[in-house]
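Visitor: So that we are looking at the same thing, I have put the structure below in structure tokens.
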Amino acid sequence: MKKEALYYKKNEDGSVQCLLCPHNCRINNSKAGVCRIRKNTDGTLYTLNYGEVTSIALDPIEKKPLYHFYPGTVVLSAGTFGCNFKCEFCQNWEISQGTPPSQFITPENLVETAIREDSFAIAYTYSEPMVWFEYVLESAKLAREKGLKNILVTNGYINQEPLMELIPVIDAMNIDLKGIKNEFYKEHPRGSIDPVLETIKTSFKKGVHVEVTNLIIPGDNDTKEELEELVDFIVSVSKDIPVHFSRYFPHYKMDKDPTPESTMFMAKEIGDKKLSYVYLGNIWSDHGSDTLCPKCGNISISRKGYMIDTKNLNKGICKKCGFKLNIIT
């Protein structure tokens with residue numbers, strides 16, 4: 001469905017400037033921005049994916065991944081087509097870079113579906129929810145009115161003004177920090193890093209539960225120095241933000257060999273020195289997915305795939321030592 005977009009300005013020559021994300025695309029008549037779904041039609045900017053749902057499912061919350069937000073639950077997850085990044089390693093490139101079949105679902109129907117399926121929340125995920133802004137904003141407001149939580153799984157590439165409008169109805173985010181060097185962002189996602197860092201800082205400061213994912217790619221963002229710098233940035237916001245280091249495998253346009261296991265274990269070792277909660281994804285390890293109490297080291301949450309055991313946790317408190325973990329239950 002075509003709907004007039006929020007956050008843009010009209011220019012005298014008939015072009016428009018989109019102000020939703022830091023690309024700030026200047027878009028001529030009949031053209032679309034980087035995301036492909038915000039299009040100028042006769043001097044008005046329209047979003048082309050309003051209500052268009054390409055994927056919808058009940059997922060374990062850990063799949064987002066969110067390990068510290070209602071662990072062990074399932075959440076209604078929905079996504080659309082389009083993205084404001086162009087990652088060669090994208091896991092969902094069919095919908096982020098293509099335009100697959102979709103079904104129109106109103107915000108009211110999405111919320112009704114979540115309630116009917118007994119989901120405590122709606123997760124806007126699969127592709128980039130920030131370029132689904134108008135639909136996410138309306139759906140999240142309705143969901144909040146009905147007592148549901150709202151979750152974003154996002155690259156964090158959004159301007160501060162629209163982010164500040166959205167934050168009041170968002171409860172949790174997993175933000176994909178793809179690297180710590182601006183050169184990496186220019187070459188791969190084809191953006192810049194500073195807006196992503198600002199999204200992490202602003203969202204955390206405003207009370208959103210934040211977790212961060214970093215996909216480690218051999219030869220691109222995997223040096224000891226880069227991992228240390230990334231960890232130091234997270235610590236500067238809060239050492240209690242959960243960080244998920246994820247192992248790269250060849251996908252879409254990138255055919256490099258998978259990330260060596262030794263690199264993954266190095267990342268965890270670096271993170272564990274300063275962060276309270278560090279996890280490994282896409283790799284088997286004895287305790288890489290377990291939540292350990294930062295005070296006594298007891299396994300507070302055991303994870304084997306999506307099998308979750310929270311018997312050592314009581315409403316976010318370690319049963320062994322009484323320490324309150326950064327976990328929302």
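Identifiers in this document derive from the order of the structure tokens: chains are assigned A, B, ..., residues are numbered from 1 separately in each chain, and ligands are numbered from 1 in order of occurrence.
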Can you check which residues of region 25-101 of chain A DSSP gives as helix (DSSP H, G or I) on the backbone and send them as a PDB file with N, CA and C atoms, in the first residue's frame?

Guide:
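What landed in states-v9.pdb:
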```pdb
ATOM      1  N   ILE A  61      11.991 -15.695  21.477  1.00  0.00           N
ATOM      2  CA  ILE A  61      12.591 -14.380  21.676  1.00  0.00           C
ATOM      3  C   ILE A  61      14.107 -14.439  21.496  1.00  0.00           C
ATOM      4  N   GLU A  62      14.698 -15.605  21.815  1.00  0.00           N
ATOM      5  CA  GLU A  62      16.153 -15.762  21.681  1.00  0.00           C
ATOM      6  C   GLU A  62      16.617 -15.703  20.230  1.00  0.00           C
ATOM      7  N   LYS A  63      15.695 -15.876  19.283  1.00  0.00           N
ATOM      8  CA  LYS A  63      16.068 -15.859  17.863  1.00  0.00           C
ATOM      9  C   LYS A  63      16.349 -14.444  17.377  1.00  0.00           C
ATOM     10  N   TRP A  93      18.502 -11.390   2.388  1.00  0.00           N
ATOM     11  CA  TRP A  93      18.595 -10.533   1.221  1.00  0.00           C
ATOM     12  C   TRP A  93      17.384 -10.635   0.295  1.00  0.00           C
ATOM     13  N   GLU A  94      16.686 -11.772   0.344  1.00  0.00           N
ATOM     14  CA  GLU A  94      15.526 -11.912  -0.549  1.00  0.00           C
ATOM     15  C   GLU A  94      14.466 -10.846  -0.264  1.00  0.00           C
ATOM     16  N   ILE A  95      14.334 -10.460   1.013  1.00  0.00           N
ATOM     17  CA  ILE A  95      13.342  -9.430   1.326  1.00  0.00           C
ATOM     18  C   ILE A  95      13.976  -8.051   1.522  1.00  0.00           C
ATOM     19  N   SER A  96      15.229  -8.013   1.972  1.00  0.00           N
ATOM     20  CA  SER A  96      15.851  -6.703   2.179  1.00  0.00           C
ATOM     21  C   SER A  96      16.228  -6.042   0.854  1.00  0.00           C
TER      22      SER A  96
END
```

Visitor: Given only C-alpha atoms, how would the per-residue table for region 36-105 of chain A near region 250-274 of chain A read, listing every residue at most 7 Å away with its closest atom pair and distance in Å to one decimal, sorted by chain and number, as a tab-separated table?

Guide:
```
residue	atom	partner	partner_atom	distance
A:Glu88	CA	A:Lys253	CA	4.9
A:Phe89	CA	A:His251	CA	5.4
A:Cys90	CA	A:Tyr252	CA	6.2
A:Gln91	CA	A:His251	CA	6.6
A:Trp93	CA	A:Tyr252	CA	6.8
```

Visitor: Between A:Glu134, A:Pro71, A:Lys324, A:Leu197, which residue has the minimum interatomic distance to Lys311 (chain A), considering only C-alpha atoms?

Guide: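 Closest candidate: A:Pro71.
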
Visitor: Grab the CA of Leu275 (chain A) to CA of Pro195 (chain A) distance for me, in Å with one decimal place.

Guide: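 These atoms are spaced 22.6 Å apart.
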
Visitor: Counting only C-alpha atoms, what is within 10 Å of Glu138 (chain A), bar same-chain residues fewer than 3 positions away, as a ChimeraX atom specification?

Guide: /A:106-108,133-135,141-143,166,169

Visitor: Can I get the selection written as a tab-separated table (two decimals), in the first residue's frame, with C-alpha atoms?

Guide:
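again_38.tsv, freshly written:
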```tsv
chain	number	residue	atom	x	y	z
A	106	THR	CA	-3.46	-3.36	8.95
A	107	PRO	CA	-1.94	-2.27	12.26
A	108	GLU	CA	-5.21	-3.26	13.92
A	133	PHE	CA	8.64	3.61	10.01
A	134	GLU	CA	5.06	4.75	9.47
A	135	TYR	CA	3.61	1.27	9.89
A	141	LYS	CA	1.10	2.70	19.47
A	142	LEU	CA	-1.89	0.36	19.10
A	143	ALA	CA	0.06	-2.52	20.62
A	166	LEU	CA	9.47	6.10	17.98
A	169	VAL	CA	6.51	3.01	22.26
```

Visitor: Find the residue from A:Phe120, A:Phe104, A:Tyr46, A:Tyr157 that sits nearest to Cys21 (chain A); use only C-alpha atoms when measuring.

Guide: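 Residue with the minimum atom-to-atom distance to Cys21 (chain A): A:Tyr157.
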
Visitor: With only C-alpha atoms as the counted atoms, please give the residues lying no more than 10 Å from Asp290 (chain A), apart from itself and same-chain residues fewer than 6 positions off, as number ranges by chain.

Guide: A: 67, 277-280, 298-304, 308-309

Visitor: Compile the contact shell of Glu12 (chain A) as a ChimeraX atom specification: residues with an atom at most 12 Å away, counting only C-alpha atoms, same-chain residues fewer than 2 positions apart removed.

Guide: /A:9-10,14-17,28-29,42-44

Visitor: Using only C-alpha atoms, find the one residue out of A:Cys296, A:Ile122, A:Leu66, A:Cys35 that sits nearest to Pro22 (chain A).

Guide: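 So, comparing all the options, the nearest one is A:Cys35.
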
Visitor: Quick one: pull the distance between CA of Asp240 (chain A) and CA of His68 (chain A), Å, one decimal.

Guide: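 Separating CA of Asp240 (chain A) from CA of His68 (chain A) is a distance of 10.4 Å.
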
Visitor: For a quick check of understanding, using only C-alpha atoms, which of A:Met307, A:Ile180, A:Leu58, A:Met1 has the smallest distance to Gln103 (chain A)?

Guide: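 When distances to Gln103 (chain A) are compared using only C-alpha atoms, the smallest one comes from A:Met1.
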
Visitor: Of the candidates A:Asp176, A:Asp13, A:Glu211, A:Asp194, which one gets nearest to Asn326 (chain A) if we count only C-alpha atoms?

Guide: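 Residue with the minimum atom-to-atom distance to Asn326 (chain A): A:Glu211.
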
Visitor: Select from region 103-266 of chain A everything DSSP, run on the backbone, classes as strand (DSSP E or B), then give the selection as a PDB file with C-alpha atoms, in the first residue's frame.

Guide:
```pdb
ATOM      1  CA  GLN A 103       0.125  -9.612   2.258  1.00  0.00           C
ATOM      2  CA  PHE A 104      -1.514  -6.442   3.472  1.00  0.00           C
ATOM      3  CA  ALA A 121       4.838  -8.485  22.169  1.00  0.00           C
ATOM      4  CA  ILE A 122       5.334  -7.714  18.487  1.00  0.00           C
ATOM      5  CA  ALA A 123       8.832  -7.855  17.015  1.00  0.00           C
ATOM      6  CA  TYR A 124       9.462  -5.809  13.876  1.00  0.00           C
ATOM      7  CA  LYS A 149       5.445  -4.816  24.211  1.00  0.00           C
ATOM      8  CA  ASN A 150       7.225  -3.668  21.044  1.00  0.00           C
ATOM      9  CA  ILE A 151      10.614  -4.906  19.820  1.00  0.00           C
ATOM     10  CA  LEU A 152      12.879  -3.681  17.018  1.00  0.00           C
ATOM     11  CA  VAL A 153      15.594  -5.796  15.412  1.00  0.00           C
ATOM     12  CA  THR A 154      17.424  -3.059  13.578  1.00  0.00           C
ATOM     13  CA  ALA A 172      13.477  -3.493  23.462  1.00  0.00           C
ATOM     14  CA  MET A 173      15.936  -3.371  20.585  1.00  0.00           C
ATOM     15  CA  ASN A 174      18.600  -5.635  19.228  1.00  0.00           C
ATOM     16  CA  ILE A 175      20.866  -3.240  17.352  1.00  0.00           C
ATOM     17  CA  ASP A 176      23.272  -4.625  14.776  1.00  0.00           C
ATOM     18  CA  HIS A 209      16.242  -2.467  26.752  1.00  0.00           C
ATOM     19  CA  VAL A 210      19.203  -2.709  24.349  1.00  0.00           C
ATOM     20  CA  GLU A 211      21.200  -5.702  23.185  1.00  0.00           C
ATOM     21  CA  VAL A 212      23.897  -5.507  20.493  1.00  0.00           C
ATOM     22  CA  THR A 213      24.875  -7.999  17.797  1.00  0.00           C
ATOM     23  CA  ASN A 214      28.190  -7.964  15.943  1.00  0.00           C
ATOM     24  CA  LEU A 215      28.763 -10.294  12.981  1.00  0.00           C
ATOM     25  CA  ILE A 216      32.482 -11.058  12.853  1.00  0.00           C
ATOM     26  CA  VAL A 243      26.595  -8.354  23.353  1.00  0.00           C
ATOM     27  CA  HIS A 244      26.144 -11.167  20.833  1.00  0.00           C
ATOM     28  CA  PHE A 245      29.208 -11.982  18.712  1.00  0.00           C
ATOM     29  CA  SER A 246      27.907 -13.905  15.721  1.00  0.00           C
ATOM     30  CA  ARG A 247      29.936 -16.167  13.431  1.00  0.00           C
ATOM     31  CA  HIS A 251      25.842 -15.840   2.139  1.00  0.00           C
ATOM     32  CA  MET A 254      30.025 -12.773   0.061  1.00  0.00           C
TER      33      MET A 254
END
```
